[in-house]
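The data block below is model06.cif; it holds mmCIF, N, CA and C atoms.
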data_coords
#
loop_
_atom_site.label_atom_id
_atom_site.label_comp_id
_atom_site.auth_asym_id
_atom_site.auth_seq_id
_atom_site.Cartn_x
_atom_site.Cartn_y
_atom_site.Cartn_z
N MET A 1 -93.15 -18.04 43.09
CA MET A 1 -92.13 -18.14 42.06
C MET A 1 -91.25 -19.36 42.31
N LYS A 2 -90.93 -19.61 43.54
CA LYS A 2 -90.06 -20.73 43.88
C LYS A 2 -90.72 -22.05 43.50
N LYS A 3 -92.05 -22.16 43.73
CA LYS A 3 -92.77 -23.38 43.40
C LYS A 3 -92.77 -23.62 41.89
N ALA A 4 -92.97 -22.59 41.09
CA ALA A 4 -92.96 -22.72 39.63
C ALA A 4 -91.59 -23.16 39.13
N LEU A 5 -90.54 -22.65 39.72
CA LEU A 5 -89.19 -23.02 39.34
C LEU A 5 -88.94 -24.50 39.63
N THR A 6 -89.40 -24.96 40.79
CA THR A 6 -89.23 -26.35 41.17
C THR A 6 -89.95 -27.26 40.18
N LEU A 7 -91.19 -26.92 39.80
CA LEU A 7 -91.94 -27.72 38.84
C LEU A 7 -91.24 -27.75 37.48
N SER A 8 -90.65 -26.64 37.07
CA SER A 8 -89.93 -26.59 35.80
C SER A 8 -88.72 -27.51 35.82
N ILE A 9 -88.02 -27.53 36.93
CA ILE A 9 -86.85 -28.39 37.06
C ILE A 9 -87.27 -29.86 37.01
N ILE A 10 -88.37 -30.20 37.70
CA ILE A 10 -88.87 -31.58 37.68
C ILE A 10 -89.25 -31.97 36.26
N ALA A 11 -89.97 -31.11 35.55
CA ALA A 11 -90.38 -31.42 34.18
C ALA A 11 -89.16 -31.59 33.28
N PHE A 12 -88.16 -30.74 33.43
CA PHE A 12 -86.94 -30.83 32.63
C PHE A 12 -86.19 -32.12 32.93
N THR A 13 -86.09 -32.47 34.20
CA THR A 13 -85.42 -33.71 34.60
C THR A 13 -86.15 -34.92 34.05
N SER A 14 -87.48 -34.92 34.09
CA SER A 14 -88.26 -36.01 33.54
C SER A 14 -88.03 -36.15 32.04
N ALA A 15 -87.96 -35.05 31.34
CA ALA A 15 -87.72 -35.08 29.89
C ALA A 15 -86.35 -35.67 29.59
N ILE A 16 -85.35 -35.32 30.38
CA ILE A 16 -84.01 -35.89 30.19
C ILE A 16 -84.04 -37.39 30.45
N PHE A 17 -84.75 -37.83 31.49
CA PHE A 17 -84.85 -39.25 31.82
C PHE A 17 -85.49 -40.01 30.66
N VAL A 18 -86.59 -39.50 30.11
CA VAL A 18 -87.27 -40.14 28.99
C VAL A 18 -86.33 -40.21 27.80
N ALA A 19 -85.66 -39.14 27.48
CA ALA A 19 -84.76 -39.11 26.32
C ALA A 19 -83.59 -40.07 26.51
N ALA A 20 -83.13 -40.25 27.71
CA ALA A 20 -82.00 -41.15 27.97
C ALA A 20 -82.38 -42.61 27.79
N ASN A 21 -83.67 -42.92 27.89
CA ASN A 21 -84.13 -44.31 27.79
C ASN A 21 -84.66 -44.67 26.41
N CYS A 22 -84.69 -43.75 25.50
CA CYS A 22 -85.22 -43.98 24.16
C CYS A 22 -84.27 -43.34 23.16
N LEU A 23 -84.43 -43.74 21.92
CA LEU A 23 -83.68 -43.12 20.84
C LEU A 23 -84.65 -42.36 19.97
N LEU A 24 -84.22 -41.26 19.42
CA LEU A 24 -85.08 -40.44 18.61
C LEU A 24 -85.23 -41.04 17.22
N ALA A 25 -86.47 -41.32 16.83
CA ALA A 25 -86.75 -41.82 15.49
C ALA A 25 -86.79 -40.63 14.54
N SER A 26 -86.75 -40.93 13.23
CA SER A 26 -86.71 -39.85 12.25
C SER A 26 -87.98 -38.99 12.27
N ASP A 27 -89.09 -39.53 12.78
CA ASP A 27 -90.31 -38.73 12.85
C ASP A 27 -90.39 -37.91 14.14
N GLY A 28 -89.32 -37.93 14.93
CA GLY A 28 -89.26 -37.13 16.14
C GLY A 28 -89.78 -37.83 17.38
N THR A 29 -90.27 -39.05 17.25
CA THR A 29 -90.77 -39.77 18.41
C THR A 29 -89.63 -40.49 19.12
N LEU A 30 -89.83 -40.79 20.38
CA LEU A 30 -88.82 -41.52 21.15
C LEU A 30 -89.17 -43.01 21.13
N ASP A 31 -88.20 -43.84 20.85
CA ASP A 31 -88.44 -45.27 20.71
C ASP A 31 -87.34 -46.06 21.42
N PRO A 32 -87.68 -47.05 22.26
CA PRO A 32 -86.67 -47.80 22.99
C PRO A 32 -85.88 -48.80 22.16
N PHE A 33 -86.31 -49.10 20.92
CA PHE A 33 -85.64 -50.11 20.11
C PHE A 33 -84.72 -49.52 19.05
N GLY A 34 -84.52 -48.25 19.05
CA GLY A 34 -83.64 -47.66 18.05
C GLY A 34 -84.38 -46.69 17.17
N ALA A 35 -83.67 -46.16 16.23
CA ALA A 35 -84.19 -45.08 15.40
C ALA A 35 -85.53 -45.42 14.77
N ASP A 36 -85.55 -46.13 13.69
CA ASP A 36 -86.80 -46.43 13.00
C ASP A 36 -86.98 -47.93 12.87
N PRO A 37 -88.25 -48.40 12.80
CA PRO A 37 -88.48 -49.83 12.57
C PRO A 37 -87.86 -50.28 11.25
N LYS A 38 -87.42 -51.53 11.22
CA LYS A 38 -86.86 -52.08 9.98
C LYS A 38 -87.96 -52.11 8.92
N ARG A 39 -87.59 -51.74 7.71
CA ARG A 39 -88.54 -51.72 6.60
C ARG A 39 -88.69 -53.12 6.00
N ALA A 40 -89.76 -53.30 5.25
CA ALA A 40 -89.97 -54.55 4.54
C ALA A 40 -88.90 -54.71 3.47
N SER A 41 -88.51 -55.95 3.22
CA SER A 41 -87.57 -56.27 2.16
C SER A 41 -87.97 -57.64 1.61
N PRO A 42 -87.38 -58.10 0.51
CA PRO A 42 -87.79 -59.40 -0.03
C PRO A 42 -87.73 -60.51 1.03
N GLY A 43 -88.86 -61.15 1.25
CA GLY A 43 -88.93 -62.22 2.24
C GLY A 43 -89.13 -61.76 3.67
N CYS A 44 -89.12 -60.46 3.90
CA CYS A 44 -89.23 -59.92 5.26
C CYS A 44 -90.34 -58.87 5.33
N LYS A 45 -91.21 -59.03 6.30
CA LYS A 45 -92.20 -57.99 6.55
C LYS A 45 -91.53 -56.88 7.34
N ALA A 46 -92.15 -55.71 7.34
CA ALA A 46 -91.62 -54.61 8.15
C ALA A 46 -91.72 -54.98 9.63
N GLU A 47 -90.84 -54.42 10.40
CA GLU A 47 -90.85 -54.66 11.85
C GLU A 47 -92.13 -54.06 12.44
N ASP A 48 -92.81 -54.85 13.27
CA ASP A 48 -93.97 -54.36 14.00
C ASP A 48 -93.51 -53.80 15.33
N ARG A 49 -94.02 -52.63 15.67
CA ARG A 49 -93.75 -52.05 16.99
C ARG A 49 -95.05 -51.50 17.55
N TYR A 50 -95.26 -51.77 18.83
CA TYR A 50 -96.43 -51.22 19.48
C TYR A 50 -96.20 -51.14 20.98
N LYS A 51 -97.14 -50.55 21.66
CA LYS A 51 -97.01 -50.30 23.10
C LYS A 51 -98.23 -50.85 23.82
N PHE A 52 -98.00 -51.65 24.85
CA PHE A 52 -99.06 -52.13 25.71
C PHE A 52 -98.96 -51.42 27.06
N VAL A 53 -100.07 -51.31 27.74
CA VAL A 53 -100.05 -50.81 29.11
C VAL A 53 -99.75 -52.03 29.96
N ALA A 54 -98.47 -52.22 30.27
CA ALA A 54 -98.04 -53.41 31.00
C ALA A 54 -96.72 -53.13 31.69
N LEU A 55 -96.53 -53.77 32.83
CA LEU A 55 -95.26 -53.75 33.53
C LEU A 55 -94.79 -55.19 33.65
N ILE A 56 -93.62 -55.48 33.11
CA ILE A 56 -93.06 -56.82 33.09
C ILE A 56 -91.81 -56.81 33.97
N ASN A 57 -91.82 -57.61 35.03
CA ASN A 57 -90.70 -57.59 35.97
C ASN A 57 -89.90 -58.88 36.03
N SER A 58 -90.25 -59.85 35.19
CA SER A 58 -89.52 -61.13 35.22
C SER A 58 -89.80 -61.90 33.93
N LYS A 59 -89.00 -62.94 33.69
CA LYS A 59 -89.24 -63.81 32.54
C LYS A 59 -90.62 -64.44 32.65
N GLY A 60 -90.99 -64.84 33.86
CA GLY A 60 -92.30 -65.46 34.09
C GLY A 60 -93.44 -64.53 33.72
N GLU A 61 -93.32 -63.26 34.08
CA GLU A 61 -94.36 -62.28 33.73
C GLU A 61 -94.39 -62.05 32.22
N PHE A 62 -93.23 -62.09 31.58
CA PHE A 62 -93.17 -61.96 30.12
C PHE A 62 -93.93 -63.13 29.47
N ILE A 63 -93.68 -64.35 29.93
CA ILE A 63 -94.36 -65.53 29.41
C ILE A 63 -95.86 -65.43 29.65
N HIS A 64 -96.25 -65.00 30.85
CA HIS A 64 -97.67 -64.82 31.17
C HIS A 64 -98.31 -63.83 30.20
N PHE A 65 -97.60 -62.76 29.88
CA PHE A 65 -98.12 -61.77 28.94
C PHE A 65 -98.31 -62.39 27.56
N ILE A 66 -97.32 -63.15 27.08
CA ILE A 66 -97.43 -63.79 25.77
C ILE A 66 -98.61 -64.76 25.73
N LYS A 67 -98.79 -65.52 26.80
CA LYS A 67 -99.88 -66.49 26.86
C LYS A 67 -101.25 -65.81 26.77
N ASN A 68 -101.35 -64.64 27.36
CA ASN A 68 -102.66 -64.01 27.53
C ASN A 68 -102.94 -62.84 26.59
N ASN A 69 -102.06 -62.58 25.65
CA ASN A 69 -102.27 -61.49 24.71
C ASN A 69 -101.91 -61.95 23.30
N THR A 70 -102.70 -61.55 22.36
CA THR A 70 -102.43 -61.88 20.96
C THR A 70 -101.41 -60.89 20.43
N LEU A 71 -100.28 -61.39 19.99
CA LEU A 71 -99.25 -60.55 19.41
C LEU A 71 -99.16 -60.88 17.92
N ALA A 72 -99.35 -59.89 17.08
CA ALA A 72 -99.33 -60.10 15.63
C ALA A 72 -98.05 -60.81 15.22
N ARG A 73 -98.19 -61.79 14.35
CA ARG A 73 -97.07 -62.53 13.75
C ARG A 73 -96.31 -63.43 14.71
N VAL A 74 -96.68 -63.52 15.95
CA VAL A 74 -95.93 -64.36 16.89
C VAL A 74 -96.60 -65.73 16.97
N LYS A 75 -95.94 -66.73 16.36
CA LYS A 75 -96.41 -68.12 16.38
C LYS A 75 -95.25 -68.96 16.88
N LEU A 76 -95.40 -69.53 18.04
CA LEU A 76 -94.31 -70.26 18.69
C LEU A 76 -94.28 -71.72 18.24
N THR A 77 -94.32 -71.94 16.95
CA THR A 77 -94.39 -73.27 16.35
C THR A 77 -93.23 -74.16 16.78
N ASN A 78 -92.05 -73.61 16.91
CA ASN A 78 -90.89 -74.43 17.28
C ASN A 78 -90.84 -74.76 18.77
N PHE A 79 -91.85 -74.36 19.52
CA PHE A 79 -91.95 -74.70 20.95
C PHE A 79 -93.17 -75.57 21.20
N LYS A 80 -93.47 -76.47 20.27
CA LYS A 80 -94.64 -77.33 20.39
C LYS A 80 -94.55 -78.21 21.63
N GLY A 81 -95.71 -78.42 22.24
CA GLY A 81 -95.80 -79.31 23.38
C GLY A 81 -96.02 -80.74 22.93
N ALA A 82 -96.11 -81.67 23.89
CA ALA A 82 -96.28 -83.09 23.59
C ALA A 82 -97.64 -83.35 22.94
N GLN A 83 -98.66 -82.61 23.32
CA GLN A 83 -99.99 -82.78 22.74
C GLN A 83 -100.15 -81.82 21.57
N ALA A 84 -100.85 -82.26 20.54
CA ALA A 84 -101.07 -81.42 19.35
C ALA A 84 -101.74 -80.10 19.72
N GLY A 85 -101.24 -79.03 19.15
CA GLY A 85 -101.85 -77.72 19.37
C GLY A 85 -101.45 -77.04 20.67
N THR A 86 -100.51 -77.62 21.40
CA THR A 86 -100.09 -77.01 22.66
C THR A 86 -98.68 -76.43 22.53
N THR A 87 -98.34 -75.57 23.45
CA THR A 87 -97.01 -74.95 23.51
C THR A 87 -96.31 -75.42 24.77
N ASP A 88 -95.04 -75.77 24.67
CA ASP A 88 -94.25 -76.16 25.83
C ASP A 88 -93.70 -74.88 26.46
N TRP A 89 -94.43 -74.34 27.41
CA TRP A 89 -94.08 -73.05 28.00
C TRP A 89 -92.78 -73.09 28.80
N ASP A 90 -92.40 -74.27 29.30
CA ASP A 90 -91.10 -74.39 29.99
C ASP A 90 -89.96 -74.16 29.00
N LYS A 91 -90.08 -74.70 27.78
CA LYS A 91 -89.08 -74.46 26.74
C LYS A 91 -89.02 -72.99 26.38
N VAL A 92 -90.20 -72.38 26.27
CA VAL A 92 -90.25 -70.95 25.93
C VAL A 92 -89.54 -70.14 27.02
N LEU A 93 -89.85 -70.44 28.27
CA LEU A 93 -89.24 -69.73 29.40
C LEU A 93 -87.72 -69.85 29.37
N LYS A 94 -87.22 -71.05 29.09
CA LYS A 94 -85.76 -71.26 29.04
C LYS A 94 -85.11 -70.51 27.88
N ALA A 95 -85.88 -70.26 26.81
CA ALA A 95 -85.34 -69.57 25.63
C ALA A 95 -85.31 -68.05 25.78
N VAL A 96 -86.02 -67.51 26.76
CA VAL A 96 -86.07 -66.06 26.94
C VAL A 96 -84.72 -65.54 27.46
N LYS A 97 -84.22 -64.52 26.80
CA LYS A 97 -82.99 -63.83 27.23
C LYS A 97 -83.39 -62.47 27.80
N VAL A 98 -82.57 -61.98 28.71
CA VAL A 98 -82.83 -60.68 29.32
C VAL A 98 -81.63 -59.79 29.07
N GLN A 99 -81.90 -58.57 28.68
CA GLN A 99 -80.84 -57.62 28.37
C GLN A 99 -81.20 -56.26 28.98
N LYS A 100 -80.21 -55.59 29.52
CA LYS A 100 -80.41 -54.23 30.03
C LYS A 100 -80.05 -53.26 28.92
N VAL A 101 -80.95 -52.33 28.63
CA VAL A 101 -80.71 -51.26 27.67
C VAL A 101 -81.00 -49.96 28.41
N ARG A 102 -79.93 -49.29 28.76
CA ARG A 102 -80.03 -48.09 29.59
C ARG A 102 -80.77 -48.45 30.87
N GLU A 103 -81.87 -47.79 31.16
CA GLU A 103 -82.61 -48.06 32.41
C GLU A 103 -83.68 -49.12 32.24
N ARG A 104 -83.85 -49.64 31.04
CA ARG A 104 -84.90 -50.61 30.77
C ARG A 104 -84.37 -52.04 30.80
N THR A 105 -85.28 -52.95 31.10
CA THR A 105 -85.01 -54.37 30.95
C THR A 105 -85.76 -54.83 29.71
N VAL A 106 -85.07 -55.53 28.81
CA VAL A 106 -85.69 -56.02 27.58
C VAL A 106 -85.69 -57.55 27.62
N TYR A 107 -86.88 -58.12 27.43
CA TYR A 107 -87.05 -59.57 27.37
C TYR A 107 -87.07 -59.95 25.89
N ILE A 108 -86.23 -60.92 25.50
CA ILE A 108 -86.04 -61.26 24.10
C ILE A 108 -86.31 -62.75 23.90
N LEU A 109 -87.16 -63.05 22.92
CA LEU A 109 -87.46 -64.43 22.57
C LEU A 109 -87.23 -64.61 21.07
N VAL A 110 -86.33 -65.52 20.74
CA VAL A 110 -86.09 -65.89 19.34
C VAL A 110 -86.91 -67.15 19.09
N TYR A 111 -87.71 -67.10 18.03
CA TYR A 111 -88.59 -68.22 17.71
C TYR A 111 -88.65 -68.41 16.21
N ASN A 112 -89.28 -69.50 15.77
CA ASN A 112 -89.42 -69.77 14.34
C ASN A 112 -90.86 -70.18 14.07
N PRO A 113 -91.66 -69.30 13.44
CA PRO A 113 -93.07 -69.60 13.23
C PRO A 113 -93.31 -70.72 12.20
N HIS A 114 -92.37 -70.93 11.29
CA HIS A 114 -92.49 -71.95 10.24
C HIS A 114 -91.14 -72.63 10.06
N PRO A 115 -90.77 -73.57 10.97
CA PRO A 115 -89.46 -74.24 10.85
C PRO A 115 -89.24 -74.81 9.45
N GLY A 116 -88.05 -74.62 8.93
CA GLY A 116 -87.71 -75.09 7.61
C GLY A 116 -88.00 -74.08 6.50
N GLN A 117 -88.84 -73.09 6.79
CA GLN A 117 -89.18 -72.08 5.80
C GLN A 117 -88.69 -70.69 6.18
N CYS A 118 -88.48 -70.47 7.45
CA CYS A 118 -88.15 -69.13 7.94
C CYS A 118 -86.82 -69.12 8.67
N SER A 119 -86.20 -67.97 8.67
CA SER A 119 -85.06 -67.77 9.56
C SER A 119 -85.64 -67.36 10.92
N LYS A 120 -84.81 -67.08 11.85
CA LYS A 120 -85.31 -66.75 13.18
C LYS A 120 -86.13 -65.46 13.16
N HIS A 121 -87.10 -65.41 14.04
CA HIS A 121 -87.89 -64.22 14.29
C HIS A 121 -87.56 -63.79 15.72
N THR A 122 -87.68 -62.52 15.99
CA THR A 122 -87.35 -62.02 17.32
C THR A 122 -88.50 -61.19 17.87
N LEU A 123 -88.90 -61.53 19.09
CA LEU A 123 -89.88 -60.77 19.84
C LEU A 123 -89.12 -60.11 20.98
N LYS A 124 -89.23 -58.80 21.09
CA LYS A 124 -88.61 -58.06 22.20
C LYS A 124 -89.71 -57.29 22.92
N MET A 125 -89.61 -57.24 24.23
CA MET A 125 -90.55 -56.46 25.01
C MET A 125 -89.83 -55.82 26.18
N THR A 126 -90.04 -54.53 26.34
CA THR A 126 -89.42 -53.83 27.47
C THR A 126 -90.26 -54.02 28.72
N ASP A 127 -89.66 -53.76 29.84
CA ASP A 127 -90.36 -53.90 31.11
C ASP A 127 -91.54 -52.95 31.24
N ASP A 128 -91.60 -51.91 30.40
CA ASP A 128 -92.71 -50.96 30.46
C ASP A 128 -93.66 -51.08 29.26
N GLY A 129 -93.60 -52.22 28.53
CA GLY A 129 -94.63 -52.53 27.56
C GLY A 129 -94.38 -52.25 26.09
N TYR A 130 -93.20 -51.77 25.71
CA TYR A 130 -92.91 -51.57 24.29
C TYR A 130 -92.55 -52.91 23.66
N VAL A 131 -93.07 -53.16 22.45
CA VAL A 131 -92.88 -54.45 21.78
C VAL A 131 -92.33 -54.25 20.38
N SER A 132 -91.42 -55.15 19.99
CA SER A 132 -90.88 -55.19 18.64
C SER A 132 -90.95 -56.64 18.16
N VAL A 133 -91.45 -56.85 16.92
CA VAL A 133 -91.50 -58.18 16.31
C VAL A 133 -90.90 -58.06 14.93
N TYR A 134 -89.90 -58.93 14.63
CA TYR A 134 -89.26 -58.88 13.32
C TYR A 134 -88.75 -60.26 12.93
N GLY A 135 -88.84 -60.58 11.64
CA GLY A 135 -88.30 -61.82 11.14
C GLY A 135 -88.54 -61.96 9.65
N CYS A 136 -87.92 -62.98 9.05
CA CYS A 136 -88.01 -63.19 7.61
C CYS A 136 -88.39 -64.63 7.29
N CYS A 137 -89.07 -64.81 6.16
CA CYS A 137 -89.43 -66.13 5.64
C CYS A 137 -89.20 -66.16 4.15
N GLY A 138 -89.06 -67.35 3.62
CA GLY A 138 -88.96 -67.49 2.17
C GLY A 138 -87.64 -67.11 1.56
N ARG A 139 -86.60 -67.09 2.36
CA ARG A 139 -85.28 -66.75 1.84
C ARG A 139 -84.50 -67.98 1.53
#
This structure in structure tokens:
Amino acid sequence: MKKALTLSIIAFTSAIFVAANCLLASDGTLDPFGADPKRASPGCKAEDRYKFVALINSKGEFIHFIKNNTLARVKLTNFKGAQAGTTDWDKVLKAVKVQKVRERTVYILVYNPHPGQCSKHTLKMTDDGYVSVYGCCGR
């Protein structure tokens, strides 16, 4: 009986920890970026959110992840390198901001996929692999 009680306490504590690091969305799921993804509006696509199996512990690891994974709608056009078709990854690294949200670390990159046509777009990724992409064009 004592062992079962201990396991129940551990499970309850884990549930509290998960809930403290996420916000409840309207569909009942827990999400680290807030209640619900932003909806589409004129000139703006709906916010993309997804989860990767990844652990990100630094800005450098975040950049490495971006380099090696295709992220929908993420085009780092405003970080062009000296040679055509390249990205200046040092500029990208310098542009990354880090923010603590509860127990998570969130890596944030503001970019512009179509300079002159779009407002800023934002890519956010938590240290445990949750991703949010949002931005507007044509406004």
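Residue nearest Lys100 in chain A within the list A:Asn112, A:Phe62, A:Thr126, A:Leu55: A:Thr126 [criterion: smallest interatomic distance, only C-alpha atoms].
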> Taking the file as shown, what set of residues would the PyMOL selection byres ((chain A and resi 73-88) around 6) give back, as a list in words?
Replying inline: Leu71, Ala72, Trp89, Asp90, Lys91, Val92, Asn112, Pro113 and His114 of chain A
> What separation in Å, quoted to one decimal, exists between CA of Tyr111 in chain A and CA of Leu123 in chain A?
Replying inline: 7.9 Å
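Taking atom N of Gly116 in chain A and atom C of Ile63 in chain A as endpoints, the distance between them is 24.0 Å.
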> Nearest to Phe52 in chain A: which of A:Cys136, A:Val131, A:Ile66, A:Val98 is it, counting only C-alpha atoms?
Replying inline: A:Val131
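Closest to Tyr130 in chain A among A:Asn69, A:Pro32, A:Pro115, A:Lys94 is A:Pro32, based on only C-alpha atoms.
Within range 21-113 of chain A, the backbone-based DSSP assignment of strand (DSSP E) covers Leu23, Leu24, Leu30, Asp31, Asp48, Arg49, Tyr50, Lys51, Lys97, Val98, Gln99, Lys100, Val101, Arg104, Thr105, Val106, Tyr107, Ile108, Leu109, Val110 and Tyr111 of chain A.
Rounded to one decimal, CA of Cys137 in chain A and CA of Lys124 in chain A lie 18.4 Å from each other.
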> If you apply the PyMOL selection byres ((chain A and resi 134) around 7) to this file, what residues do you get, as JSON, numbers by chain?
Replying inline: {"A": [45, 46, 47, 48, 120, 121, 122, 123, 124, 132, 133, 135, 136]}
>> Measuring between all atoms listed in the file, which one of A:His64, A:Lys97, A:Lys59, A:Arg104 shows the shortest distance to Asp127 in chain A?
In response: A:Arg104
